[in-house]
$ cat input_13.txt   # compact mmCIF, C-alpha atoms and all ligand atoms
# COMPACT_ATOMS: atom_id res chain seq x y z
CA MET A 14 129.18 -29.45 28.99
CA ALA A 15 126.54 -29.22 31.67
CA ASP A 16 123.85 -26.75 30.76
CA ASP A 17 122.06 -24.86 33.49
CA ILE A 18 119.55 -23.31 31.13
CA ASP A 19 116.72 -25.66 30.38
CA PRO A 20 114.40 -24.65 27.54
CA VAL A 21 112.19 -27.64 28.37
CA ALA A 22 111.33 -26.38 31.87
CA LEU A 23 110.76 -22.96 30.34
CA LEU A 24 108.34 -24.40 27.81
CA GLN A 25 106.45 -26.25 30.55
CA ARG A 26 105.96 -22.99 32.42
CA LEU A 27 104.88 -21.13 29.28
CA ILE A 28 102.26 -23.78 28.46
CA ARG A 29 100.76 -23.41 31.95
CA ILE A 30 100.06 -19.71 31.35
CA ASP A 31 96.62 -19.68 29.75
CA THR A 32 96.77 -17.48 26.65
CA THR A 33 93.93 -19.10 24.76
CA ASN A 34 92.77 -16.69 22.07
CA PRO A 35 90.00 -15.64 22.34
CA PRO A 36 90.30 -13.88 24.68
CA GLY A 37 94.11 -14.01 24.60
CA ASN A 38 95.23 -12.59 27.94
CA GLU A 39 98.73 -12.47 26.54
CA THR A 40 99.71 -9.97 29.25
CA ALA A 41 100.23 -12.89 31.67
CA CYS A 42 102.79 -14.44 29.34
CA VAL A 43 104.40 -11.10 28.49
CA THR A 44 104.83 -10.33 32.20
CA PHE A 45 106.47 -13.71 32.74
CA VAL A 46 108.90 -13.08 29.88
CA ALA A 47 109.58 -9.48 31.00
CA ASP A 48 110.50 -10.73 34.50
CA LEU A 49 112.73 -13.42 33.08
CA LEU A 50 114.53 -10.90 30.85
CA ALA A 51 114.81 -8.38 33.70
CA GLY A 52 116.64 -11.14 35.60
CA ILE A 53 119.39 -11.05 32.98
CA GLY A 54 119.46 -7.28 32.75
CA ILE A 55 117.35 -6.83 29.63
CA ASP A 56 114.77 -4.04 29.66
CA CYS A 57 111.50 -4.45 27.84
CA THR A 58 109.01 -2.10 26.27
CA VAL A 59 105.46 -3.33 26.80
CA VAL A 60 102.67 -1.85 24.69
CA GLY A 61 99.11 -2.87 24.03
CA LEU A 62 96.01 -1.82 22.20
CA ALA A 63 93.60 -3.24 24.78
CA PRO A 64 93.73 -4.44 28.39
CA GLY A 65 95.17 -7.93 28.68
CA ARG A 66 96.60 -7.83 25.16
CA ALA A 67 100.17 -6.73 25.86
CA ASN A 68 103.06 -7.00 23.40
CA LEU A 69 106.70 -7.01 24.42
CA VAL A 70 109.72 -5.64 22.58
CA ALA A 71 113.18 -6.04 24.09
CA ARG A 72 116.34 -4.77 22.44
CA VAL A 73 119.53 -6.52 23.49
CA PRO A 74 122.43 -4.25 22.55
CA GLY A 75 124.86 -5.69 20.04
CA ALA A 76 128.37 -4.69 19.09
CA GLY A 77 127.19 -2.53 16.19
CA LEU A 78 128.87 -4.79 13.64
CA ALA A 79 125.64 -5.98 12.05
CA PRO A 80 122.11 -4.65 11.62
CA PRO A 81 119.56 -5.59 14.27
CA LEU A 82 118.04 -9.08 14.11
CA VAL A 83 114.42 -9.57 15.12
CA LEU A 84 113.16 -12.72 16.80
CA GLN A 85 109.36 -12.75 16.76
CA ALA A 86 107.10 -15.09 18.73
CA HIS A 87 103.40 -15.03 19.43
CA ALA A 88 102.18 -15.59 22.97
CA ASP A 89 98.62 -16.63 22.16
CA VAL A 90 97.40 -20.13 21.40
CA VAL A 91 94.25 -21.54 19.80
CA PRO A 92 91.44 -22.96 21.97
CA THR A 93 91.17 -26.60 22.97
CA THR A 94 87.38 -26.63 23.31
CA GLY A 95 85.78 -29.82 22.11
CA GLN A 96 89.10 -31.65 21.79
CA ARG A 97 89.91 -34.85 23.66
CA TRP A 98 93.42 -34.71 25.05
CA ALA A 99 95.35 -37.63 26.54
CA HIS A 100 97.03 -35.19 28.97
CA PRO A 101 95.82 -31.79 30.21
CA PRO A 102 96.35 -29.21 27.45
CA LEU A 103 97.56 -26.54 29.87
CA GLY A 104 99.54 -28.99 32.00
CA GLY A 105 102.91 -28.84 30.26
CA GLU A 106 103.50 -32.43 31.39
CA ILE A 107 106.27 -34.64 30.08
CA HIS A 108 105.26 -38.11 28.87
CA ASP A 109 107.28 -40.46 26.67
CA GLY A 110 110.00 -37.89 26.17
CA GLN A 111 107.62 -35.24 24.89
CA VAL A 112 106.27 -32.01 26.34
CA TRP A 113 102.49 -32.05 26.00
CA GLY A 114 100.25 -29.05 25.81
CA ARG A 115 98.65 -26.34 23.75
CA GLY A 116 101.40 -24.25 22.22
CA ALA A 117 104.10 -26.93 22.56
CA ILE A 118 104.78 -26.41 18.86
CA ASP A 119 102.71 -23.35 17.97
CA MET A 120 104.57 -21.56 19.30
CA LYS A 121 105.53 -21.49 22.95
CA GLY A 122 108.11 -24.10 22.02
CA GLY A 123 109.68 -21.53 19.68
CA LEU A 124 109.50 -18.82 22.32
CA ALA A 125 111.26 -21.11 24.82
CA MET A 126 114.01 -21.74 22.25
CA MET A 127 114.50 -18.00 21.68
CA LEU A 128 114.55 -17.18 25.40
CA ALA A 129 117.02 -19.97 26.16
CA GLY A 130 119.24 -18.69 23.34
CA LEU A 131 119.27 -15.22 24.87
CA GLN A 132 119.90 -16.58 28.37
CA ARG A 133 122.91 -18.54 27.13
CA LEU A 134 124.33 -15.52 25.37
CA HIS A 135 124.04 -13.60 28.62
CA ARG A 136 125.50 -16.44 30.72
CA ASP A 137 128.58 -16.56 28.49
CA GLY A 138 128.94 -12.78 28.51
CA GLU A 139 128.76 -12.73 24.72
CA ARG A 140 127.64 -9.75 22.76
CA PRO A 141 125.82 -10.34 19.47
CA ALA A 142 127.19 -8.61 16.36
CA GLY A 143 124.03 -6.53 16.07
CA ASP A 144 121.17 -5.67 18.39
CA VAL A 145 118.82 -8.56 18.98
CA ILE A 146 115.21 -7.45 19.14
CA LEU A 147 112.95 -10.02 20.76
CA THR A 148 109.26 -9.39 20.34
CA VAL A 149 106.49 -11.41 21.97
CA VAL A 150 103.17 -10.49 20.44
CA ALA A 151 99.47 -10.99 21.02
CA ASP A 152 96.74 -12.16 18.70
CA GLU A 153 98.59 -14.03 15.95
CA GLU A 154 95.94 -16.72 15.98
CA ALA A 155 93.05 -14.34 15.42
CA GLY A 156 94.23 -11.83 12.83
CA SER A 157 97.07 -9.96 14.62
CA HIS A 158 95.00 -6.80 15.10
CA TYR A 159 96.19 -6.51 18.73
CA GLY A 160 99.62 -7.89 17.97
CA ALA A 161 102.03 -7.66 15.04
CA HIS A 162 99.77 -5.45 12.95
CA TYR A 163 99.44 -2.96 15.81
CA LEU A 164 103.19 -3.05 16.54
CA VAL A 165 104.33 -2.39 12.99
CA THR A 166 101.78 0.36 12.42
CA GLU A 167 101.97 2.15 15.80
CA HIS A 168 105.43 1.29 17.12
CA ALA A 169 107.54 0.74 14.03
CA HIS A 170 110.42 2.73 15.57
CA LEU A 171 111.03 -0.14 18.02
CA PHE A 172 112.34 -2.12 15.04
CA ASP A 173 114.51 0.63 13.55
CA GLY A 174 117.33 -0.67 11.40
CA ALA A 175 116.29 -4.32 11.53
CA ARG A 176 117.13 -6.22 8.40
CA TYR A 177 116.33 -9.85 9.22
CA CYS A 178 113.52 -11.44 11.16
CA VAL A 179 113.15 -15.01 12.41
CA GLY A 180 109.88 -16.54 13.58
CA GLU A 181 107.70 -19.64 13.22
CA ASP A 182 107.38 -22.26 11.52
CA GLY A 183 109.99 -24.93 11.51
CA GLY A 184 109.19 -28.62 11.65
CA ALA A 185 109.31 -30.66 8.49
CA GLY A 186 105.90 -30.96 6.93
CA LEU A 187 106.98 -33.31 4.17
CA ASN A 188 107.18 -37.03 4.67
CA LEU A 189 108.90 -37.98 1.47
CA GLY A 190 111.47 -40.38 2.79
CA ASP A 191 111.71 -41.78 6.28
CA ASP A 192 115.47 -41.39 6.48
CA LEU A 193 115.47 -37.80 5.38
CA ARG A 194 115.82 -35.11 7.98
CA LEU A 195 114.35 -32.12 6.22
CA HIS A 196 114.86 -28.82 8.03
CA PRO A 197 112.57 -26.26 6.47
CA ILE A 198 113.65 -22.67 6.24
CA VAL A 199 110.46 -20.84 5.41
CA VAL A 200 111.43 -18.12 2.95
CA ALA A 201 108.03 -17.02 1.69
CA GLU A 202 104.35 -17.14 2.52
CA LYS A 203 101.24 -17.05 0.46
CA ARG A 204 98.79 -14.30 1.27
CA GLY A 205 95.06 -14.15 1.51
CA GLY A 206 92.80 -13.17 -1.38
CA TRP A 207 89.38 -13.81 0.10
CA LEU A 208 86.52 -13.52 -2.34
CA ARG A 209 82.75 -13.61 -2.33
CA ALA A 210 80.95 -14.88 -5.40
CA THR A 211 77.30 -13.93 -5.74
CA LEU A 212 75.05 -16.00 -7.98
CA ARG A 213 71.58 -14.94 -9.02
CA GLY A 214 68.77 -16.84 -10.68
CA ALA A 215 65.06 -17.31 -10.87
CA GLY A 216 63.52 -17.53 -7.40
CA GLY A 217 60.07 -18.52 -6.39
CA HIS A 218 57.92 -21.11 -4.73
CA GLY A 219 59.67 -24.32 -3.76
CA SER A 220 56.88 -26.40 -5.22
CA ARG A 221 57.77 -25.46 -8.79
CA ARG A 222 60.47 -27.31 -10.67
CA ARG A 223 63.05 -24.94 -12.16
CA THR A 224 66.60 -25.38 -13.39
CA ASP A 225 67.45 -21.74 -14.09
CA THR A 226 68.14 -20.96 -10.43
CA ALA A 227 71.02 -19.67 -8.34
CA MET A 228 71.30 -23.23 -6.94
CA THR A 229 71.98 -24.61 -10.41
CA LYS A 230 74.74 -22.05 -10.80
CA LEU A 231 76.04 -22.91 -7.34
CA ALA A 232 76.45 -26.54 -8.32
CA ALA A 233 78.43 -25.53 -11.41
CA LEU A 234 80.60 -23.10 -9.46
CA LEU A 235 81.47 -25.57 -6.72
CA SER A 236 82.17 -28.26 -9.25
CA ALA A 237 84.47 -25.97 -11.25
CA LEU A 238 86.43 -24.93 -8.16
CA GLN A 239 86.70 -28.42 -6.68
CA SER A 240 87.55 -30.40 -9.76
CA HIS A 241 90.00 -28.08 -11.52
CA ARG A 242 93.27 -26.52 -10.52
CA LEU A 243 94.25 -22.92 -11.08
CA PRO A 244 97.31 -22.60 -13.37
CA THR A 245 100.71 -23.79 -12.18
CA HIS A 246 103.24 -21.11 -11.26
CA VAL A 247 106.64 -22.28 -10.08
CA THR A 248 107.99 -19.32 -8.12
CA PRO A 249 111.76 -19.00 -7.66
CA ALA A 250 111.42 -20.16 -4.05
CA ALA A 251 109.40 -23.24 -5.01
CA ASP A 252 111.84 -24.00 -7.80
CA ARG A 253 114.72 -23.90 -5.36
CA MET A 254 112.86 -26.20 -2.99
CA LEU A 255 112.05 -28.70 -5.74
CA GLN A 256 115.68 -28.68 -6.88
CA ALA A 257 116.88 -29.30 -3.33
CA LEU A 258 114.41 -32.18 -2.96
CA ALA A 259 115.44 -33.67 -6.30
CA LYS A 260 119.03 -33.79 -5.02
CA VAL A 261 118.29 -35.83 -1.90
CA LEU A 262 115.30 -38.00 -2.78
CA PRO A 263 115.59 -41.49 -4.31
CA ALA A 264 115.52 -41.64 -8.12
CA PRO A 265 111.79 -41.96 -8.93
CA LEU A 266 110.81 -39.23 -6.49
CA ALA A 267 113.71 -37.06 -7.62
CA ALA A 268 112.43 -37.33 -11.19
CA THR A 269 108.96 -36.27 -10.03
CA MET A 270 110.43 -33.21 -8.31
CA GLU A 271 112.28 -32.27 -11.50
CA GLN A 272 109.10 -32.65 -13.52
CA LEU A 273 107.12 -30.55 -11.06
CA ARG A 274 109.51 -27.69 -11.86
CA ASP A 275 108.03 -27.61 -15.36
CA GLU A 276 104.91 -25.45 -15.43
CA ARG A 277 103.67 -27.28 -18.53
CA ALA A 278 103.71 -30.70 -16.83
CA ASP A 279 100.44 -32.26 -15.64
CA PRO A 280 100.51 -31.70 -11.87
CA GLY A 281 97.63 -34.10 -11.26
CA ALA A 282 99.50 -37.14 -12.52
CA LEU A 283 102.78 -36.15 -10.84
CA LEU A 284 101.23 -35.43 -7.44
CA ALA A 285 99.14 -38.60 -7.51
CA ALA A 286 102.38 -40.59 -7.80
CA LEU A 287 103.74 -39.29 -4.48
CA PRO A 288 103.67 -41.79 -1.60
CA ASP A 289 102.46 -39.27 0.97
CA PRO A 290 99.11 -37.56 0.33
CA ASP A 291 100.00 -34.68 2.66
CA ALA A 292 103.15 -33.97 0.71
CA ALA A 293 101.08 -33.95 -2.47
CA VAL A 294 98.60 -31.48 -0.95
CA TYR A 295 101.48 -29.28 0.16
CA LEU A 296 103.27 -29.25 -3.19
CA ASP A 297 99.96 -28.70 -4.99
CA SER A 298 99.22 -25.70 -2.77
CA VAL A 299 102.56 -23.94 -3.15
CA THR A 300 102.80 -24.20 -6.93
CA ARG A 301 99.61 -22.31 -7.70
CA ASN A 302 97.12 -19.83 -6.30
CA THR A 303 94.28 -21.67 -4.60
CA ALA A 304 90.56 -20.93 -4.16
CA ASN A 305 88.67 -23.00 -1.62
CA PRO A 306 84.92 -22.43 -1.28
CA THR A 307 84.29 -22.46 2.47
CA ILE A 308 80.96 -20.72 3.24
CA VAL A 309 77.70 -20.87 1.31
CA ARG A 310 74.86 -18.53 2.26
CA THR A 311 71.34 -18.39 0.97
CA SER A 312 67.78 -18.04 2.20
CA GLU A 313 66.64 -19.83 5.32
CA LYS A 314 63.29 -20.95 4.01
CA ILE A 315 62.80 -24.49 2.82
CA ASN A 316 59.81 -23.73 0.62
CA MET A 317 61.44 -20.93 -1.33
CA ILE A 318 63.84 -21.17 -4.24
CA PRO A 319 66.43 -18.51 -3.38
CA SER A 320 67.10 -15.89 -6.02
CA GLU A 321 70.60 -15.29 -4.62
CA VAL A 322 73.39 -17.49 -3.25
CA THR A 323 76.78 -16.30 -2.07
CA VAL A 324 79.92 -18.40 -1.81
CA ASP A 325 82.86 -17.19 0.25
CA ILE A 326 86.14 -18.38 -1.15
CA ASP A 327 89.35 -18.67 0.86
CA GLY A 328 91.82 -17.64 -1.81
CA ARG A 329 95.59 -17.80 -1.31
CA ILE A 330 97.95 -15.93 -3.61
CA LEU A 331 101.55 -16.89 -4.31
CA PRO A 332 104.37 -14.66 -3.04
CA GLY A 333 106.49 -12.49 -5.28
CA GLY A 334 104.86 -10.57 -8.10
CA HIS A 335 101.56 -12.44 -8.13
CA THR A 336 98.71 -9.93 -7.98
CA LEU A 337 95.18 -10.05 -6.70
CA ASP A 338 93.86 -9.02 -10.13
CA ALA A 339 95.64 -11.89 -11.83
CA PHE A 340 94.32 -14.29 -9.20
CA VAL A 341 90.73 -13.06 -9.66
CA ALA A 342 91.15 -13.47 -13.43
CA GLU A 343 92.25 -17.09 -12.88
CA VAL A 344 89.20 -17.77 -10.72
CA ARG A 345 86.99 -16.05 -13.28
CA ALA A 346 88.38 -18.22 -16.05
CA LEU A 347 87.39 -21.28 -14.04
CA ILE A 348 83.92 -20.26 -12.86
CA GLY A 349 82.75 -18.23 -15.85
CA ASP A 350 81.32 -14.74 -16.11
CA ASP A 351 78.01 -15.28 -14.39
CA ALA A 352 79.07 -14.78 -10.79
CA GLU A 353 79.66 -11.34 -9.38
CA ILE A 354 83.01 -11.38 -7.57
CA GLU A 355 83.76 -9.15 -4.62
CA VAL A 356 87.10 -8.98 -2.80
CA LEU A 357 86.63 -9.43 0.97
CA LEU A 358 90.27 -9.28 1.98
CA GLU A 359 93.65 -8.85 0.36
CA GLY A 360 96.64 -9.94 2.43
CA GLU A 361 99.79 -7.85 2.60
CA PRO A 362 101.99 -8.46 -0.43
CA MET A 363 105.06 -10.50 0.41
CA PRO A 364 108.30 -9.70 -1.39
CA ASP A 365 110.38 -12.28 -3.21
CA PRO A 366 112.48 -14.20 -0.71
CA ALA A 367 116.09 -13.24 -0.08
CA PHE A 368 118.67 -16.00 -0.54
CA GLY A 369 121.74 -14.20 0.76
CA PRO A 370 124.35 -14.85 3.45
CA PHE A 371 121.77 -14.81 6.22
CA TYR A 372 119.77 -17.56 4.56
CA ASP A 373 122.98 -19.53 4.03
CA LEU A 374 123.83 -19.21 7.72
CA LEU A 375 120.46 -20.65 8.74
CA GLY A 376 121.18 -23.71 6.59
CA THR A 377 124.78 -24.02 7.76
CA LEU A 378 123.77 -23.94 11.42
CA VAL A 379 121.35 -26.86 11.17
CA GLU A 380 123.89 -28.84 9.15
CA GLU A 381 126.49 -28.27 11.85
CA LEU A 382 124.15 -29.31 14.64
CA ASP A 383 122.62 -32.23 12.76
CA PRO A 384 124.98 -33.85 10.25
CA ASP A 385 122.02 -35.60 8.59
CA ALA A 386 120.09 -32.40 8.10
CA VAL A 387 118.83 -31.34 4.71
CA PRO A 388 118.06 -27.61 4.88
CA LEU A 389 115.13 -26.90 2.61
CA PRO A 390 113.80 -23.53 1.46
CA MET A 391 110.03 -23.65 1.76
CA ILE A 392 106.96 -21.59 1.09
CA THR A 393 104.17 -21.83 3.58
CA PRO A 394 100.68 -21.88 2.09
CA ALA A 395 99.31 -20.28 5.28
CA SER A 396 100.40 -16.97 6.74
CA THR A 397 102.10 -15.94 9.96
CA ASP A 398 103.06 -12.62 11.52
CA ALA A 399 106.00 -12.53 9.10
CA ARG A 400 103.62 -10.77 6.70
CA HIS A 401 103.46 -7.82 9.09
CA PHE A 402 107.16 -7.63 9.91
CA ALA A 403 107.94 -7.83 6.20
CA GLN A 404 106.11 -4.52 5.78
CA LEU A 405 108.99 -2.87 7.69
CA GLY A 406 111.41 -4.02 5.01
CA MET A 407 112.88 -6.98 6.89
CA ALA A 408 113.64 -10.26 5.19
CA CYS A 409 111.58 -12.75 7.20
CA TYR A 410 112.32 -16.42 7.75
CA GLY A 411 110.46 -19.20 9.50
CA TRP A 412 113.18 -21.08 11.30
CA LEU A 413 112.56 -23.07 14.44
CA PRO A 414 114.78 -26.11 13.91
CA MET A 415 113.35 -29.15 15.68
CA ARG A 416 115.11 -32.32 14.52
CA LEU A 417 111.91 -34.31 14.72
CA PRO A 418 112.03 -38.10 14.64
CA PRO A 419 111.45 -39.57 11.15
CA GLY A 420 107.80 -39.86 10.20
CA SER A 421 106.65 -37.22 12.73
CA ARG A 422 103.30 -35.95 11.61
CA TYR A 423 104.16 -32.52 12.86
CA HIS A 424 101.56 -30.56 10.94
CA GLU A 425 98.78 -32.82 12.13
CA LEU A 426 99.44 -31.68 15.71
CA LEU A 427 99.11 -27.99 14.97
CA HIS A 428 95.91 -26.59 16.50
CA ALA A 429 94.86 -30.20 17.22
CA ALA A 430 94.43 -32.33 20.33
CA ASP A 431 97.57 -33.82 21.90
CA GLU A 432 99.90 -31.12 20.58
CA ARG A 433 103.36 -32.10 21.81
CA ILE A 434 107.03 -31.75 21.03
CA PRO A 435 109.93 -34.08 21.80
CA VAL A 436 112.13 -32.81 24.64
CA GLU A 437 115.11 -33.35 22.34
CA SER A 438 113.57 -31.12 19.69
CA VAL A 439 113.17 -28.26 22.15
CA ARG A 440 116.82 -28.60 23.16
CA PHE A 441 117.92 -28.78 19.54
CA GLY A 442 115.95 -25.64 18.72
CA ALA A 443 117.38 -23.74 21.69
CA GLN A 444 120.90 -24.73 20.62
CA SER A 445 120.17 -23.57 17.07
CA LEU A 446 118.80 -20.22 18.18
CA HIS A 447 121.75 -19.71 20.51
CA GLN A 448 124.19 -20.39 17.69
CA LEU A 449 122.28 -18.03 15.41
CA LEU A 450 122.63 -15.20 17.93
CA ARG A 451 126.35 -15.91 18.27
CA ARG A 452 127.13 -16.28 14.62
CA TYR A 453 125.02 -13.92 12.59
CA ARG A 454 126.77 -10.94 11.05
ZN ZN B 501 101.81 -19.98 15.33
$ encode --input "input_13.txt" --output "structure tokens"
Amino acid sequence: MADDIDPVALLQRLIRIDTTNPPGNETACVTFVADLLAGIGIDCTVVGLAPGRANLVARVPGAGLAPPLVLQAHADVVPTTGQRWAHPPLGGEIHDGQVWGRGAIDMKGGLAMMLAGLQRLHRDGERPAGDVILTVVADEEAGSHYGAHYLVTEHAHLFDGARYCVGEDGGAGLNLGDDLRLHPIVVAEKRGGWLRATLRGAGGHGSRRRTDTAMTKLAALLSALQSHRLPTHVTPAADRMLQALAKVLPAPLAATMEQLRDERADPGALLAALPDPDAAVYLDSVTRNTANPTIVRTSEKINMIPSEVTVDIDGRILPGGHTLDAFVAEVRALIGDDAEIEVLLEGEPMPDPAFGPFYDLLGTLVEELDPDAVPLPMITPASTDARHFAQLGMACYGWLPMRLPPGSRYHELLHAADERIPVESVRFGAQSLHQLLRRYR
């Protein structure tokens, strides 16, 4: 069947709208989307906390047979400064069957898929079972203060009744077998638990040799954090993912997945045996809380032994019932009692993922559209706007199906130079989103 709605052309146009954050200027993108939706008779509410930082919420009336479904996309993209691109990052050009540009994957590609899905529904005169609420938000890439956070705190009523929410991320980030077409369904996210450790010791003149200093303690702290893991916790979502992987992977890898389900197993040895280092890093990160030291601050004088050193730690806490206190206790057990620990930020708690009929539908749809697909429940170690929408009681999923060619290093393109997405993947995603709108109950 000929298709007059082209998500690829839509994506090209979205990439050309500069929404680099900072400063964002998402209003330009929101206006483009509002005009496009007005063209198919959909009214939008546009709200913003600051000039240029508009957010859009559009409610497409459904038949009242199902609760509202939210599709959430962010309009902003990360900067390209200092990156060397083979094609202009805001050009939206097509080369070698791929759309190139900032946001091609993260996540103007996803927005194009959602918009094309809605356009097709309208073209066919179909009414979804429940209201479809499309929201295009600002500021996801810089903390969501002007975007999702603002929407759910100041305009929560726009999402009344919504039970499910679909947003980024979608491409397979696991290269565990070249023939395997893994379609992630992100069911849970880790949340931030940012800490600051302060170390104190004898200070003084830099000419005097001392070993009882804050620097000595710093060396021990960094070494403890870098060379030891926090305890393994296999959450129900991770367990389900490992089981699913064990079913489809060849025997030796399948056995490794089964062993990783056991919290008493030695993760170091198991992960080292994986063929793909990125997959090992991923599995390592979603089966425990993590604490990465990222910023060290001390005096600025070379001839002075500092009496105080602080280390900022990017901590990430598992979803479900894992608490900040328990995480801090784990870090404490690793670094000892000497450091003073301060909490800089605690991310919104994420509920345990829901594996009900809606989740099943997401898997069924990709299997129907791609007979080789292996739907895979996944946890993302990073966080997206889902953490905000979850606060309104919706079950949130990251589901932007892409059918990427085998061996695609999708995650390496995120926020990097030469971000691009195969034309076919954009079409596949648009088809998936369209089917979701038609089929969800
Ligand atoms: Zn994103």
$ closest_residue --input "input_13.txt" --among "A:Gln448, A:Thr211, A:Thr323, A:Gln25" --to "Gly105 of chain A" --atoms "only C-alpha atoms"
A:Gln25
$ residues_near_ligand --input "input_13.txt" --ligand "ligand ZN 501 (chain B)" --cutoff "12 Å" --atoms "all atoms listed in the file" --output "MDAnalysis selection string"
chainID A and resid 34 85:91 115:124 149:157 180:184 395:399 411 413 424 426:428
$ closest_residue --input "input_13.txt" --among "A:Asp144, A:Asp31, A:Glu271, A:Asp56" --to "Gly174 of chain A" --atoms "all atoms listed in the file"
A:Asp144
$ atom_distance --input "input_13.txt" --atom1 "atom CA of Leu273 of chain A" --atom2 "atom CA of Pro394 of chain A"
17.0 Å
$ residues_around --input "input_13.txt" --residues "segment 331-346 of chain A" --least-positions-apart "3" --cutoff "8 Å" --atoms "all atoms listed in the file" --output "mmCIF file with C-alpha atoms, keeping the file's coordinate frame"
data_model
loop_
_atom_site.group_PDB
_atom_site.id
_atom_site.type_symbol
_atom_site.label_atom_id
_atom_site.label_comp_id
_atom_site.auth_asym_id
_atom_site.auth_seq_id
_atom_site.Cartn_x
_atom_site.Cartn_y
_atom_site.Cartn_z
ATOM 1 C CA ALA A 201 108.030 -17.020 1.690
ATOM 2 C CA GLU A 202 104.350 -17.140 2.520
ATOM 3 C CA LYS A 203 101.240 -17.050 0.460
ATOM 4 C CA ARG A 204 98.790 -14.300 1.270
ATOM 5 C CA GLY A 206 92.800 -13.170 -1.380
ATOM 6 C CA LEU A 243 94.250 -22.920 -11.080
ATOM 7 C CA PRO A 244 97.310 -22.600 -13.370
ATOM 8 C CA THR A 248 107.990 -19.320 -8.120
ATOM 9 C CA VAL A 299 102.560 -23.940 -3.150
ATOM 10 C CA THR A 300 102.800 -24.200 -6.930
ATOM 11 C CA ARG A 301 99.610 -22.310 -7.700
ATOM 12 C CA ASN A 302 97.120 -19.830 -6.300
ATOM 13 C CA ALA A 304 90.560 -20.930 -4.160
ATOM 14 C CA GLY A 349 82.750 -18.230 -15.850
ATOM 15 C CA ASP A 350 81.320 -14.740 -16.110
ATOM 16 C CA GLU A 359 93.650 -8.850 0.360
ATOM 17 C CA PRO A 362 101.990 -8.460 -0.430
ATOM 18 C CA MET A 363 105.060 -10.500 0.410
ATOM 19 C CA PRO A 364 108.300 -9.700 -1.390
ATOM 20 C CA ASP A 365 110.380 -12.280 -3.210
ATOM 21 C CA PRO A 366 112.480 -14.200 -0.710
#
$ residues_around --input "input_13.txt" --residues "Gln111 of chain A" --least-positions-apart "3" --cutoff "12 Å" --atoms "only C-alpha atoms" --output "list of chain:residue names"
A:Val21, A:Ala22, A:Leu24, A:Gln25, A:His100, A:Gly105, A:Glu106, A:Ile107, A:His108, A:Gly114, A:Ala117, A:Ile118, A:Gly122, A:Leu417, A:Pro418, A:Asp431, A:Glu432, A:Arg433, A:Ile434, A:Pro435, A:Val436, A:Glu437, A:Ser438, A:Val439, A:Arg440
$ residues_around --input "input_13.txt" --residues "Glu361 of chain A" --least-positions-apart "5" --cutoff "9 Å" --atoms "only C-alpha atoms" --output "PyMOL selection string"
chain A and resi 204-205+400-401+403-404
$ closest_residue --input "input_13.txt" --among "A:Ala293, A:Ala51, A:Ala259, A:Leu131" --to "Arg451 of chain A" --atoms "all atoms listed in the file"
A:Leu131
$ atom_distance --input "input_13.txt" --atom1 "atom CA of Pro64 of chain A" --atom2 "atom CA of Val43 of chain A"
12.6 Å
$ closest_residue --input "input_13.txt" --among "A:Lys230, A:Arg72, A:Arg140, A:His158" --to "Arg452 of chain A" --atoms "only C-alpha atoms"
A:Arg140
$ residues_around --input "input_13.txt" --residues "Gly52 of chain A" --least-positions-apart "5" --cutoff "10 Å" --atoms "only C-alpha atoms" --output "list in words"
Val46, Ala47 and Gln132 of chain A
$ write_last_selection --input "input_13.txt" --atoms "C-alpha atoms" --output "PDB file, keeping the file's coordinate frame"
ATOM      1  CA  VAL A  46     108.900 -13.080  29.880  1.00  0.00           C
ATOM      2  CA  ALA A  47     109.580  -9.480  31.000  1.00  0.00           C
ATOM      3  CA  GLN A 132     119.900 -16.580  28.370  1.00  0.00           C
TER       4      GLN A 132
END
$ residues_around --input "input_13.txt" --residues "Ile348 of chain A" --least-positions-apart "5" --cutoff "9 Å" --atoms "only C-alpha atoms" --output "list in words"
Ala233, Leu234, Leu235, Ser236, Ala237, Leu238 and Glu343 of chain A
$ write_last_selection --input "input_13.txt" --atoms "C-alpha atoms" --output "PDB file, in the coordinates of the input"
ATOM      1  CA  ALA A 233      78.430 -25.530 -11.410  1.00  0.00           C
ATOM      2  CA  LEU A 234      80.600 -23.100  -9.460  1.00  0.00           C
ATOM      3  CA  LEU A 235      81.470 -25.570  -6.720  1.00  0.00           C
ATOM      4  CA  SER A 236      82.170 -28.260  -9.250  1.00  0.00           C
ATOM      5  CA  ALA A 237      84.470 -25.970 -11.250  1.00  0.00           C
ATOM      6  CA  LEU A 238      86.430 -24.930  -8.160  1.00  0.00           C
ATOM      7  CA  GLU A 343      92.250 -17.090 -12.880  1.00  0.00           C
TER       8      GLU A 343
END
$ closest_residue --input "input_13.txt" --among "A:Leu69, A:Met415, A:Leu195, A:Ala286" --to "Leu258 of chain A" --atoms "all atoms listed in the file"
A:Leu195
$ closest_residue --input "input_13.txt" --among "A:Met254, A:Ile392, A:Val145, A:Pro35" --to "Thr94 of chain A" --atoms "all atoms listed in the file"
A:Pro35
